[in-house]
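Below is target-v4.txt, which holds compact mmCIF, C-alpha atoms.
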```txt
# COMPACT_ATOMS: atom_id res chain seq x y z
CA MET S 4 -2.80 -19.74 63.26
CA ILE S 5 -3.40 -16.15 64.34
CA GLU S 6 0.02 -16.23 66.01
CA ARG S 7 1.71 -17.26 62.79
CA ILE S 8 0.02 -14.50 60.71
CA LYS S 9 1.07 -12.02 63.37
CA ARG S 10 4.67 -13.18 63.10
CA TYR S 11 4.70 -12.87 59.31
CA TRP S 12 3.15 -9.45 59.51
CA GLN S 13 5.82 -8.30 61.92
CA ALA S 14 8.54 -9.53 59.55
CA ILE S 15 6.92 -7.69 56.63
CA SER S 16 6.20 -4.45 58.45
CA THR S 17 9.65 -4.20 60.06
CA PRO S 18 11.90 -6.47 58.01
CA SER S 19 15.15 -4.87 59.19
CA LYS S 20 14.43 -6.29 62.66
CA TYR S 21 14.63 -9.84 61.31
CA TYR S 22 16.92 -9.71 58.25
CA SER S 23 20.31 -8.11 57.81
CA LEU S 24 20.47 -4.82 55.91
CA GLY S 25 22.84 -6.40 53.39
CA PHE S 26 20.40 -9.19 52.63
CA LEU S 27 17.52 -6.76 52.21
CA THR S 28 19.48 -4.40 49.96
CA LEU S 29 20.91 -7.14 47.79
CA GLY S 30 17.63 -9.07 47.76
CA GLY S 31 15.71 -5.95 46.77
CA PHE S 32 18.25 -5.24 44.05
CA ILE S 33 18.04 -8.73 42.58
CA MET S 34 14.26 -8.89 42.80
CA GLY S 35 14.15 -5.46 41.16
CA ILE S 36 16.13 -6.73 38.21
CA ILE S 37 13.93 -9.81 37.90
CA PHE S 38 10.65 -7.92 38.06
CA TRP S 39 11.78 -5.07 35.84
CA GLY S 40 13.26 -7.46 33.31
CA GLY S 41 10.20 -9.67 33.45
CA PHE S 42 7.90 -6.71 32.97
CA ASN S 43 9.82 -5.44 29.97
CA THR S 44 10.12 -8.90 28.44
CA ALA S 45 6.38 -9.38 28.77
CA MET S 46 5.78 -5.97 27.23
CA GLU S 47 8.21 -6.71 24.41
CA PHE S 48 6.28 -9.89 23.71
CA THR S 49 3.13 -7.84 23.16
CA ASN S 50 5.13 -6.02 20.46
CA THR S 51 5.81 -9.13 18.40
CA GLU S 52 4.00 -10.07 15.26
CA THR S 53 3.12 -13.44 16.76
CA PHE S 54 1.21 -11.66 19.49
CA CYS S 55 -0.51 -9.16 17.17
CA THR S 56 -1.61 -11.79 14.68
CA GLY S 57 -2.67 -14.13 17.45
CA CYS S 58 -6.19 -12.76 17.08
CA HIS S 59 -8.12 -13.46 13.90
CA GLU S 60 -9.26 -9.82 13.84
CA MET S 61 -5.70 -8.74 13.04
CA ARG S 62 -4.54 -11.81 11.16
CA GLU S 63 -7.41 -11.95 8.67
CA ASN S 64 -7.88 -8.26 8.04
CA VAL S 65 -4.99 -5.87 8.45
CA TYR S 66 -2.15 -8.41 8.44
CA GLU S 67 -3.50 -10.11 5.34
CA GLU S 68 -3.79 -6.93 3.31
CA MET S 69 -0.39 -5.68 4.41
CA GLN S 70 1.37 -8.60 2.80
CA SER S 71 1.28 -7.23 -0.74
CA THR S 72 2.62 -3.84 0.24
CA ILE S 73 6.20 -2.64 0.13
CA HIS S 74 6.42 -2.60 3.90
CA PHE S 75 6.06 -6.37 3.96
CA THR S 76 7.85 -7.61 0.88
CA ASN S 77 10.41 -5.71 -1.15
CA ARG S 78 13.75 -5.94 -2.95
CA SER S 79 15.99 -5.52 0.09
CA GLY S 80 14.12 -7.70 2.56
CA VAL S 81 13.90 -5.01 5.22
CA ARG S 82 10.41 -4.98 6.57
CA ALA S 83 8.23 -3.32 9.13
CA LYS S 84 6.21 -5.31 11.61
CA CYS S 85 3.05 -4.09 13.32
CA SER S 86 4.71 -2.46 16.30
CA ASP S 87 7.26 -0.59 14.19
CA CYS S 88 4.47 1.68 12.99
CA HIS S 89 1.80 1.34 15.64
CA VAL S 90 3.77 1.48 18.90
CA PRO S 91 6.09 4.34 19.89
CA HIS S 92 9.68 3.26 20.50
CA ASP S 93 10.32 5.59 23.45
CA TRP S 94 9.61 3.96 26.77
CA THR S 95 7.19 6.50 28.29
CA ASP S 96 5.25 6.90 25.04
CA LYS S 97 5.20 3.15 24.68
CA ILE S 98 3.70 2.70 28.16
CA ALA S 99 1.09 5.34 27.36
CA ARG S 100 0.17 3.54 24.13
CA LYS S 101 0.07 0.18 25.88
CA MET S 102 -2.34 1.59 28.43
CA GLN S 103 -4.59 2.84 25.65
CA ALA S 104 -4.31 -0.59 24.08
CA SER S 105 -6.00 -2.14 27.10
CA LYS S 106 -9.19 -0.87 25.45
CA GLU S 107 -8.39 -3.28 22.62
CA VAL S 108 -8.56 -6.15 25.09
CA TRP S 109 -12.08 -4.99 25.92
CA GLY S 110 -12.85 -4.96 22.20
CA LYS S 111 -11.49 -8.46 21.80
CA VAL S 112 -13.48 -9.82 24.76
CA PHE S 113 -16.75 -8.29 23.59
CA GLY S 114 -16.14 -8.98 19.89
CA THR S 115 -16.29 -5.38 18.66
CA ILE S 116 -14.80 -6.34 15.28
CA ASN S 117 -15.02 -10.11 15.38
CA THR S 118 -16.51 -10.41 11.88
CA ARG S 119 -15.31 -9.00 8.56
CA GLU S 120 -18.50 -6.94 8.30
CA LYS S 121 -18.06 -5.39 11.73
CA PHE S 122 -14.45 -4.64 10.92
CA LEU S 123 -15.28 -2.93 7.63
CA ALA S 124 -18.00 -0.91 9.30
CA LYS S 125 -15.54 0.29 11.91
CA ARG S 126 -12.55 0.72 9.62
CA ARG S 127 -12.92 4.46 9.09
CA GLU S 128 -13.03 5.08 12.83
CA LEU S 129 -9.99 2.89 13.45
CA ALA S 130 -8.05 4.44 10.58
CA GLU S 131 -8.89 7.95 11.70
CA ARG S 132 -7.50 7.20 15.14
CA GLU S 133 -4.18 6.22 13.60
CA TRP S 134 -4.15 9.23 11.27
CA VAL S 135 -4.73 11.56 14.20
CA ARG S 136 -2.02 9.87 16.23
CA LEU S 137 0.55 10.07 13.44
CA LYS S 138 -0.41 13.61 12.55
CA SER S 139 -0.02 14.79 16.14
CA ASN S 140 3.39 13.19 16.66
CA ASP S 141 4.63 14.40 13.25
CA SER S 142 4.66 10.85 11.85
CA LEU S 143 7.21 9.76 14.43
CA GLU S 144 6.87 6.07 13.64
CA CYS S 145 7.52 6.69 9.94
CA ARG S 146 10.53 8.79 10.79
CA ASN S 147 12.03 6.10 13.00
CA CYS S 148 13.14 4.55 9.71
CA HIS S 149 12.58 7.25 7.09
CA ASP S 150 14.78 10.03 8.43
CA PHE S 151 14.29 13.26 6.51
CA GLU S 152 17.89 14.32 7.24
CA TYR S 153 19.21 11.42 5.20
CA MET S 154 16.82 11.55 2.26
CA ASP S 155 18.63 11.92 -1.04
CA PHE S 156 16.25 13.75 -3.34
CA THR S 157 18.34 12.88 -6.37
CA TRP S 158 17.34 9.24 -5.91
CA GLN S 159 13.68 10.08 -5.74
CA SER S 160 11.40 10.56 -8.68
CA GLU S 161 10.97 14.17 -9.67
CA ARG S 162 7.47 14.32 -8.26
CA ALA S 163 8.52 12.86 -4.94
CA ALA S 164 11.53 15.14 -4.69
CA THR S 165 9.39 18.21 -5.35
CA GLN S 166 6.91 17.34 -2.63
CA HIS S 167 9.53 16.28 -0.09
CA SER S 168 11.75 19.32 -0.62
CA THR S 169 8.86 21.75 -0.26
CA ALA S 170 5.84 20.64 1.75
CA LEU S 171 7.65 18.11 3.93
CA ALA S 172 10.84 20.15 4.39
CA SER S 173 8.92 23.22 5.54
CA GLY S 174 6.99 21.15 8.06
CA GLU S 175 3.72 22.17 6.44
CA LYS S 176 2.89 18.53 5.79
CA THR S 177 3.87 15.37 7.55
CA CYS S 178 4.24 11.85 6.10
CA ILE S 179 0.71 10.66 6.90
CA ASP S 180 -0.88 13.66 5.15
CA CYS S 181 -0.04 12.15 1.77
CA HIS S 182 0.86 8.54 2.52
CA LYS S 183 -2.44 7.21 3.81
CA GLY S 184 -3.30 3.62 3.00
CA ILE S 185 0.24 2.54 2.15
CA ALA S 186 0.20 -0.51 4.40
CA HIS S 187 -3.51 -1.26 4.74
CA HIS S 188 -6.57 -0.76 2.60
CA LEU S 189 -8.36 2.53 2.89
CA PRO S 190 -11.79 3.01 4.43
CA ASP S 191 -14.45 5.13 2.72
CA MET S 192 -12.47 8.30 2.12
CA SER S 193 -15.34 10.72 1.53
CA GLY S 194 -14.69 13.90 3.44
CA VAL S 195 -11.02 13.19 4.06
CA GLU S 196 -8.80 16.11 3.09
CA GLY S 197 -7.15 15.53 -0.26
CA TRP S 198 -9.31 12.58 -1.16
CA ASP S 199 -12.80 13.74 -1.90
CA MET G 15 -17.25 -37.38 -59.88
CA LYS G 16 -18.65 -34.53 -57.86
CA SER G 17 -17.53 -36.05 -54.59
CA ARG G 18 -14.05 -36.52 -56.02
CA ILE G 19 -13.75 -32.83 -56.82
CA THR G 20 -14.95 -31.91 -53.35
CA THR G 21 -12.40 -34.23 -51.80
CA THR G 22 -9.61 -32.70 -53.88
CA VAL G 23 -10.65 -29.17 -52.99
CA LEU G 24 -10.86 -30.03 -49.30
CA LEU G 25 -7.51 -31.74 -49.40
CA GLY G 26 -6.02 -28.73 -51.14
CA LEU G 27 -7.47 -26.38 -48.55
CA ALA G 28 -6.19 -28.53 -45.72
CA LEU G 29 -2.71 -28.56 -47.18
CA THR G 30 -2.71 -24.79 -47.67
CA ALA G 31 -3.91 -24.23 -44.14
CA GLY G 32 -1.19 -26.56 -42.89
CA ALA G 33 1.44 -24.73 -44.88
CA LEU G 34 0.17 -21.39 -43.56
CA ALA G 35 0.23 -22.61 -40.00
CA GLN G 36 3.92 -23.36 -40.40
CA ASN G 37 4.63 -19.77 -41.31
CA VAL G 38 2.30 -17.80 -39.07
CA ALA G 39 4.26 -14.96 -37.59
CA THR G 40 3.84 -14.85 -33.83
CA THR G 41 5.59 -13.07 -31.04
CA ARG G 42 5.95 -16.35 -29.26
CA ASP G 43 9.51 -17.10 -30.37
CA ALA G 44 9.16 -20.81 -29.78
CA ALA G 45 7.27 -23.78 -31.16
CA LEU G 46 3.78 -24.22 -29.84
CA ASP G 47 4.64 -27.34 -27.90
CA VAL G 48 7.64 -25.75 -26.19
CA GLU G 49 7.46 -23.61 -23.08
CA PRO G 50 9.75 -20.66 -23.85
CA ASN G 51 11.74 -18.90 -21.17
CA PRO G 52 9.72 -15.90 -20.06
CA PRO G 53 11.37 -12.51 -20.58
CA LYS G 54 12.68 -10.67 -17.55
CA ILE G 55 10.15 -8.59 -15.68
CA SER G 56 10.63 -5.06 -16.93
CA ARG G 57 10.55 -1.87 -14.96
CA VAL G 58 7.62 0.47 -14.98
CA GLU G 59 8.53 3.87 -16.38
CA ASN G 60 8.46 6.49 -13.67
CA ASP G 61 9.87 9.60 -15.33
CA ASP G 62 6.70 11.68 -15.71
CA VAL G 63 7.46 12.14 -19.40
CA LYS G 64 4.29 11.95 -21.43
CA ARG G 65 4.14 9.82 -24.55
CA LYS G 66 2.35 10.70 -27.74
CA ARG G 67 -0.50 8.46 -28.75
CA ALA G 68 0.23 5.19 -30.51
CA TYR G 69 -3.16 4.74 -32.16
CA PRO G 70 -6.28 6.84 -32.71
CA MET G 71 -8.43 7.45 -29.63
CA GLN G 72 -5.73 6.10 -27.34
CA PRO G 73 -6.27 7.09 -23.73
CA PRO G 74 -3.17 8.89 -22.41
CA THR G 75 -0.76 6.48 -20.75
CA VAL G 76 0.38 6.79 -17.15
CA PRO G 77 4.01 8.00 -16.97
CA HIS G 78 4.57 6.94 -13.38
CA LYS G 79 4.33 3.97 -11.03
CA ILE G 80 0.92 3.11 -9.65
CA ASP G 81 1.84 0.22 -7.37
CA ASN G 82 -0.84 -0.43 -4.77
CA TYR G 83 -2.96 2.51 -5.87
CA GLN G 84 -6.38 1.80 -4.42
CA VAL G 85 -9.26 2.41 -6.80
CA ASP G 86 -12.46 0.98 -5.40
CA THR G 87 -15.69 1.99 -3.79
CA ASN G 88 -13.87 3.46 -0.79
CA ALA G 89 -11.11 5.48 -2.37
CA ASN G 90 -9.65 6.55 -5.69
CA LYS G 91 -5.96 7.23 -5.34
CA CYS G 92 -5.61 8.55 -8.89
CA MET G 93 -8.22 11.19 -8.28
CA SER G 94 -6.42 12.45 -5.20
CA CYS G 95 -4.10 14.20 -7.68
CA HIS G 96 -5.90 14.25 -11.02
CA SER G 97 -9.37 15.38 -9.99
CA ARG G 98 -10.52 18.89 -10.83
CA ARG G 99 -10.38 19.93 -7.19
CA ARG G 100 -6.85 18.66 -6.67
CA THR G 101 -4.88 19.71 -9.73
CA GLN G 102 -3.87 23.15 -8.47
CA GLU G 103 -2.13 21.63 -5.49
CA SER G 104 -0.79 18.55 -7.23
CA GLN G 105 0.01 20.14 -10.62
CA ALA G 106 -1.01 16.85 -12.19
CA PRO G 107 -2.93 16.88 -15.48
CA MET G 108 -6.67 17.11 -14.88
CA VAL G 109 -8.86 14.31 -16.14
CA SER G 110 -10.74 15.51 -19.20
CA VAL G 111 -14.18 17.08 -18.90
CA THR G 112 -15.70 14.10 -20.65
CA HIS G 113 -14.97 12.15 -17.48
CA TYR G 114 -17.35 14.43 -15.62
CA MET G 115 -20.22 13.71 -18.02
CA ASP G 116 -22.77 10.97 -17.85
CA ARG G 117 -23.60 9.14 -21.04
CA ASP G 118 -26.33 11.62 -21.93
CA GLY G 119 -23.81 14.45 -21.88
CA ASN G 120 -24.98 15.98 -18.61
CA PHE G 121 -22.21 17.48 -16.52
CA LEU G 122 -21.71 16.07 -13.03
CA ALA G 123 -20.02 17.58 -10.00
CA ASP G 124 -17.76 14.59 -9.57
CA ILE G 125 -16.20 12.00 -11.84
CA SER G 126 -18.79 9.89 -13.63
CA ALA G 127 -19.27 6.37 -12.36
CA ARG G 128 -18.57 5.00 -15.83
CA ARG G 129 -15.14 6.68 -15.84
CA TYR G 130 -14.25 5.81 -12.27
CA PHE G 131 -11.88 2.90 -12.83
CA CYS G 132 -8.91 4.75 -14.28
CA ASN G 133 -6.67 1.84 -15.15
CA GLN G 134 -9.37 0.21 -17.18
CA CYS G 135 -8.09 2.55 -19.93
CA HIS G 136 -5.01 4.34 -18.61
CA VAL G 137 -2.07 2.04 -18.10
CA VAL G 138 1.57 2.30 -17.10
CA GLN G 139 4.32 1.84 -19.66
CA ARG G 140 7.25 -0.50 -19.35
CA ASP G 141 10.79 -0.04 -20.49
CA VAL G 142 10.92 -2.75 -23.18
CA ASP G 143 11.79 -3.17 -26.84
CA PRO G 144 8.46 -3.46 -28.66
CA LEU G 145 7.90 -6.90 -30.13
CA LEU G 146 6.31 -5.32 -33.18
CA ASP G 147 7.01 -1.92 -34.66
CA ASN G 148 4.12 0.48 -34.65
CA GLU G 149 3.60 2.02 -38.07
CA PHE G 150 0.87 4.35 -36.90
CA GLU G 151 1.03 7.84 -38.39
CA ASP G 152 -1.09 10.47 -36.80
CA ILE G 153 -3.58 12.43 -38.91
CA ASP G 154 -1.41 15.56 -38.86
CA GLU G 155 1.45 13.72 -40.49
CA LEU G 156 -0.86 12.25 -43.12
CA LEU G 157 -2.30 15.68 -43.90
CA ARG G 158 1.14 17.23 -44.09
CA ALA G 159 2.28 14.45 -46.41
CA ALA G 160 -0.78 14.97 -48.61
CA ARG G 161 -0.16 18.72 -48.90
CA ARG G 162 3.38 18.18 -50.13
```
As structure tokens, the full file:
Amino acid sequence: MIERIKRYWQAISTPSKYYSLGFLTLGGFIMGIIFWGGFNTAMEFTNTETFCTGCHEMRENVYEEMQSTIHFTNRSGVRAKCSDCHVPHDWTDKIARKMQASKEVWGKVFGTINTREKFLAKRRELAEREWVRLKSNDSLECRNCHDFEYMDFTWQSERAATQHSTALASGEKTCIDCHKGIAHHLPDMSGVEGWD
Amino acid sequence: MKSRITTTVLLGLALTAGALAQNVATTRDAALDVEPNPPKISRVENDDVKRKRAYPMQPPTVPHKIDNYQVDTNANKCMSCHSRRRTQESQAPMVSVTHYMDRDGNFLADISARRYFCNQCHVVQRDVDPLLDNEFEDIDELLRAARR
């Protein structure tokens, strides 16, 4: 028994003694592809709506109330799913966000928002976190679809065109400053700039 | 004899009512037992052009879209532009001072609870041909006509 473990250990610690260099290089390459692909596929799965709405916390609160908004149903049938707005598209940022999201697993396990009442009580805190995130990355997730460069003000209502060509164009404001609560219901807004 | 008169009168009334019912003008455009085709859903006006009032004491109408505007205990989307604090930045018309008064006429710092639900009175307008013409003439026109 001990002998056998010793043999395996020798093969692992100095593999080039036992296997050809070609086998090790090629094997490493292929395993690399499999692991990397597997990792990314698994991560992509956590970006799907099926995954997000797998928990009743999401399905019965935020997903439910999103369904009447323009980001869910509209004339052209283009729609945003959870990850389009809540997960960065760039790989490094995405990994960073996914690591933060491990806290949400904790929340799920310990039932932080497992009732409607708990969710409503925590809604302001949760919303604020998203506002801060979008404010600090200049509403990156909005801009993934709504590119300022390609906005045609002549197609916008006069009010919208005025705001977009001044406050937004100068960089003084970013999308989330005015467009809060467009996809989900708002929490108690007392004390929020522009709302109280 | 008396009962005969009553019967005649009742019969007469019933006939008149029946005849009237045939000719009641409605905006229904179809017989009562027929389900008419509903008109197309019209677009909400979104041009920021204010309308004049269509009847006395009419609350000003909303000249823009208000889809998904949240007005509840948590937030009041309308007031994020139309409140006294916000109008300088938004350049939207300010809600009238009466909306800052309680029912005893005391002024409040914020919008009165009884005026909180904006679209209870203020509504959007749709781009449709009116089913009935409005013959309302405002008091100024009446006074002008009287002076002539």
Residues of chain S within 7 Å of chain G: nearest atom pair and distance (Å, one decimal) for each, counting all atoms listed in the file, sorted by chain and number, as a Markdown table?
```
| residue | atom | partner | partner_atom | distance |
| --- | --- | --- | --- | --- |
| S:Thr72 | CA | G:Asn82 | CA | 7.0 |
| S:Ser160 | CA | G:Asp61 | CA | 6.9 |
| S:Leu189 | CA | G:Ala89 | CA | 6.6 |
| S:Pro190 | CA | G:Asn88 | CA | 5.6 |
| S:Asp191 | CA | G:Asn88 | CA | 3.9 |
| S:Met192 | CA | G:Ala89 | CA | 5.5 |
| S:Gly197 | CA | G:Ser94 | CA | 5.9 |
| S:Trp198 | CA | G:Ser94 | CA | 5.0 |
```
Near Phe150 in chain G, counting all atoms listed in the file, which residues have an atom at most 12 Å away, once you skip same-chain residues fewer than 3 positions from it, shown as a short mmCIF file (atom, residue, chain, number, x, y, z; two decimals) with C-alpha atoms, keeping the file's coordinate frame?
```cif
data_model
loop_
_atom_site.label_atom_id
_atom_site.label_comp_id
_atom_site.auth_asym_id
_atom_site.auth_seq_id
_atom_site.Cartn_x
_atom_site.Cartn_y
_atom_site.Cartn_z
CA LYS G 66 2.35 10.70 -27.74
CA ARG G 67 -0.50 8.46 -28.75
CA ALA G 68 0.23 5.19 -30.51
CA TYR G 69 -3.16 4.74 -32.16
CA PRO G 70 -6.28 6.84 -32.71
CA GLN G 72 -5.73 6.10 -27.34
CA LEU G 146 6.31 -5.32 -33.18
CA ASP G 147 7.01 -1.92 -34.66
CA ILE G 153 -3.58 12.43 -38.91
CA ASP G 154 -1.41 15.56 -38.86
CA GLU G 155 1.45 13.72 -40.49
CA LEU G 156 -0.86 12.25 -43.12
#
```
Original post:
Got a sec: who's within 10 Å of Met115 in chain G, counting all atoms listed in the file, leaving out chain neighbours fewer than 6 positions off, as a PyMOL selection string?
Top reply: chain G and resi 121-129
Original post:
Can you tell me, as JSON, numbers by chain, what residues are no more than 12 Å from Ser139 in chain S when counting only C-alpha atoms, ignoring any on the same chain fewer than 6 positions away?
Top reply: {"S": [132, 133, 176, 177, 178, 179, 180]}
**OP:** For range 117-128 of chain S, work out the shell of residues within 10 Å, counting only C-alpha atoms and skipping chain neighbours fewer than 2 positions away, then give it as a ChimeraX atom specification.
**Re:** /S:58-61,63-65,110-115,130-134,188-192 /G:88
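The space between CA of Ile73 in chain S and CA of Glu47 in chain S spans 24.7 Å.
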**OP:** Step by step: start from the point (-6.3, 19.3, -14.0) in the file's coordinates, keep every protein, DNA or RNA residue that has an atom no farther than 7 Å from it, count all atoms listed in the file, and write the set as an NGL selection string.
**Re:** :G and (96-98 or 101 or 106-109)
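Here the question is which of S:Gln70, S:Asn43, S:Gln166, S:Thr28 gets nearest to Lys101 in chain S using all atoms listed in the file, and that residue is S:Asn43.
Considering all atoms listed in the file, the residue among S:Ala99, S:Met154, S:Met34, S:Cys55 positioned nearest to Leu171 in chain S is S:Met154.
Considering the residues G:Leu157, G:Val111, G:Val137, G:Ala44 and counting only C-alpha atoms, Glu59 in chain G has its shortest atom-to-atom contact with G:Val137.
Summary of the local environment: counting all atoms listed in the file, residues at most 10 Å from Arg57 in chain G, other than itself and those fewer than 4 positions away along its chain, are Lys79, Gln139, Arg140, Asp141 and Val142 of chain G.
Across the model, the gap from CA of Asn133 in chain G to CA of Asp199 in chain S is 18.8 Å.
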